[in-house]
Amino acid sequence: SSDLIDWAMLETAIAIGHMPVAACELIRFRADAIQPELPPDVTDLGLRGAPNFELLQLTRPDLILTSPYYTRYQDRLEALAPVLSLPFYTPGEPPLPKALAALDILAAAVEDPQAGRRAQQATATDLARRKTELAPYADMPVCLVNIGDARHLRAFGFDSLFGSTLPLLGLQNAWSGGTRFSFMAPVPIEELAGLPDARLVIIGAVPPEARRSLSRSILWQALPPVAKGRLYQLPEVNAFGGTPSALRFAGLMAQAFAAGPMEAL
């Protein structure tokens, strides 16, 4: 049985068919990730930044899965069970290759290498199918954003999960700038004016206040992707996930593009 603190590790365990006995912030995970689904009997260990060690001990884990964010807890965790820590998110490096590698590493750690191979195959097949579905839209780069407020957004660069999934979908990321502030840069909205030939994809909900302000914003209306009807929106996707979130993102992209652009915000 494994216990998890890190969400990318949680998704990796689910992807190889080894459901953990416990993980952190499950209410938030279910809201942000939507899929993969977690059965109700997985124990919630509390905050990712401050897991409940007493509860963790009670679940009697054989293996604890973490990421380098948790090095300060390494000794306390290792006192309970062996710890496997893998890096997924490192500024300046694409996470998808690490998420794919993690499938095999974790499968080997739980002594089920076949599970890793099956997950690799399923992931490759799924991404190839989405690439075919998205082929008609490869004529234009896409800009992936999450809107914070009426003046700022986060742009997903090549070192985000979504940005690193785009090449496998045959799509080019319009956001080529380095991603300040780790891999989701707070960017002034006017910077999108520099992307005249792009489809703009909003990931996740737009806060109501920002939606109201943008609907009245001359600057927003004048942005080429908005003015030319190349605006799309995806539901919530876990930006800190493993391969399941990459596949969810790919599937939602294919659905959104097939459905056509939004009227407006």
# chains A, B, ... in the order shown; residues from 1 in each chain; ligands from 1

$ select_by_dssp --residues "stretch 29-216 of chain A" --states "helix (DSSP H, G or I)" --output "ChimeraX atom specification"
/A:29-33,53-58,68-78,95-109,113-137,161-169,189-194,208-215

$ residues_around --residues "A:Ser213" --least-positions-apart "5" --cutoff "10 Å" --atoms "only C-alpha atoms" --output "ChimeraX atom specification"
/A:149-151,208,218,220,265

$ write_last_selection --atoms "C-alpha atoms" --output "PDB file, in the first residue's frame"
ATOM      1  CA  ASP A 149      -8.028  39.080 -13.006  1.00  0.00           C
ATOM      2  CA  ALA A 150      -9.041  41.591 -15.683  1.00  0.00           C
ATOM      3  CA  ARG A 151      -5.448  42.729 -16.187  1.00  0.00           C
ATOM      4  CA  PRO A 208     -16.859  36.548 -12.395  1.00  0.00           C
ATOM      5  CA  ILE A 218     -11.542  47.695 -25.281  1.00  0.00           C
ATOM      6  CA  TRP A 220      -9.401  42.668 -24.550  1.00  0.00           C
ATOM      7  CA  LEU A 265     -16.540  36.133 -22.609  1.00  0.00           C
TER       8      LEU A 265
END

$ closest_atom_pairs --of "stretch 27-62 of chain A" --to "stretch 184-207 of chain A" --cutoff "12 Å" --atoms "only C-alpha atoms" --output "CSV"
residue,atom,partner,partner_atom,distance
A:Ala31,CA,A:Gly204,CA,11.1
A:Asp32,CA,A:Gly204,CA,9.0
A:Ala33,CA,A:Gly204,CA,10.7
A:Ile34,CA,A:Gly204,CA,11.6

$ closest_residue --among "A:Ser217, A:Gln57, A:Thr43, A:Thr243" --to "A:Phe88" --atoms "only C-alpha atoms"
A:Thr243

$ residues_around --residues "A:Pro39" --least-positions-apart "3" --cutoff "12 Å" --atoms "only C-alpha atoms" --output "short mmCIF file (atom, residue, chain, number, x, y, z; two decimals) with C-alpha atoms, in the first residue's frame"
data_model
loop_
_atom_site.label_atom_id
_atom_site.label_comp_id
_atom_site.auth_asym_id
_atom_site.auth_seq_id
_atom_site.Cartn_x
_atom_site.Cartn_y
_atom_site.Cartn_z
CA ILE A 14 -3.64 5.77 -10.40
CA MET A 19 -4.68 3.13 -6.04
CA PRO A 20 -3.03 4.62 -2.95
CA VAL A 21 -4.49 4.16 0.54
CA ALA A 22 -4.04 7.84 1.41
CA ALA A 23 -3.20 11.21 -0.20
CA LEU A 26 -8.47 15.25 -1.68
CA ILE A 27 -11.42 17.68 -1.73
CA ARG A 30 -11.33 16.24 -6.81
CA GLN A 35 -10.27 13.00 -13.36
CA PRO A 36 -8.81 10.56 -12.48
CA VAL A 42 -8.77 6.87 0.17
CA THR A 43 -7.75 8.59 3.44
CA ASP A 44 -7.23 12.37 3.29
#

$ closest_residue --among "A:Ala239, A:Pro224, A:Pro97, A:Ala254" --to "A:Thr132" --atoms "only C-alpha atoms"
A:Ala254

$ closest_residue --among "A:Met253, A:Leu65, A:Leu55, A:Ile16" --to "A:Asp104" --atoms "only C-alpha atoms"
A:Ile16

$ residues_around --residues "stretch 70-81 of chain A" --least-positions-apart "3" --cutoff "12 Å" --atoms "only C-alpha atoms" --output "CSV table (one decimal) with C-alpha atoms, in the first residue's frame"
chain,number,residue,atom,x,y,z
A,1,SER,CA,0.0,0.0,0.0
A,2,SER,CA,1.3,3.4,-0.8
A,3,ASP,CA,0.6,6.9,0.7
A,4,LEU,CA,1.0,10.1,-1.3
A,5,ILE,CA,1.7,13.7,-0.6
A,6,ASP,CA,2.3,14.9,-4.1
A,48,ARG,CA,0.1,19.0,1.1
A,49,GLY,CA,2.3,21.6,2.8
A,50,ALA,CA,1.6,20.1,6.2
A,51,PRO,CA,0.5,16.5,6.0
A,52,ASN,CA,-0.9,14.7,9.1
A,53,PHE,CA,1.9,12.4,10.2
A,54,GLU,CA,-0.2,10.7,12.9
A,55,LEU,CA,-2.8,9.7,10.3
A,56,LEU,CA,0.0,8.8,7.9
A,57,GLN,CA,1.4,6.4,10.4
A,58,LEU,CA,-2.0,4.8,11.1
A,59,THR,CA,-2.4,3.9,7.4
A,60,ARG,CA,0.8,1.7,7.7
A,61,PRO,CA,2.2,2.5,4.3
A,62,ASP,CA,4.7,0.2,2.5
A,63,LEU,CA,5.8,3.1,0.4
A,64,ILE,CA,5.5,6.9,0.6
A,65,LEU,CA,5.4,8.9,-2.7
A,66,THR,CA,6.6,12.5,-2.7
A,67,SER,CA,8.4,15.1,-4.8
A,84,LEU,CA,10.2,7.5,-3.5
A,85,SER,CA,10.6,11.1,-4.5
A,86,LEU,CA,10.5,12.1,-8.2
A,87,PRO,CA,10.8,15.6,-9.8

$ closest_residue --among "A:Pro82, A:Gly46, A:Pro235, A:Pro95" --to "A:Ser164" --atoms "only C-alpha atoms"
A:Pro95

$ closest_residue --among "A:Glu263, A:Leu247, A:Glu133, A:Tyr232" --to "A:Ser215" --atoms "only C-alpha atoms"
A:Glu263

$ closest_residue --among "A:Leu214, A:Trp7, A:Gly17, A:Phe29" --to "A:Val226" --atoms "only C-alpha atoms"
A:Leu214

$ residues_around --residues "A:Pro261" --least-positions-apart "4" --cutoff "7 Å" --atoms "only C-alpha atoms" --output "list in words"
Gly229, Arg230, Leu231, Tyr232 and Phe257 of chain A

$ write_last_selection --atoms "N, CA, C and O atoms" --output "compact mmCIF listing (two decimals), in the first residue's frame"
# COMPACT_ATOMS: atom_id res chain seq x y z
N GLY A 229 -12.38 35.91 -33.40
CA GLY A 229 -13.17 34.72 -33.07
C GLY A 229 -12.34 33.45 -32.95
O GLY A 229 -12.73 32.40 -33.46
N ARG A 230 -11.19 33.56 -32.27
CA ARG A 230 -10.34 32.37 -32.06
C ARG A 230 -10.13 32.13 -30.57
O ARG A 230 -9.02 31.91 -30.11
N LEU A 231 -11.22 32.21 -29.81
CA LEU A 231 -11.17 32.08 -28.36
C LEU A 231 -11.88 30.80 -27.94
O LEU A 231 -13.00 30.53 -28.36
N TYR A 232 -11.20 30.00 -27.12
CA TYR A 232 -11.73 28.71 -26.66
C TYR A 232 -11.59 28.63 -25.14
O TYR A 232 -10.74 29.31 -24.56
N PHE A 257 -11.97 22.37 -29.69
CA PHE A 257 -11.71 22.81 -31.06
C PHE A 257 -12.77 22.27 -32.02
O PHE A 257 -13.20 22.96 -32.93

$ atom_distance --atom1 "atom CA of A:Cys143" --atom2 "atom CA of A:Phe156"
7.7 Å
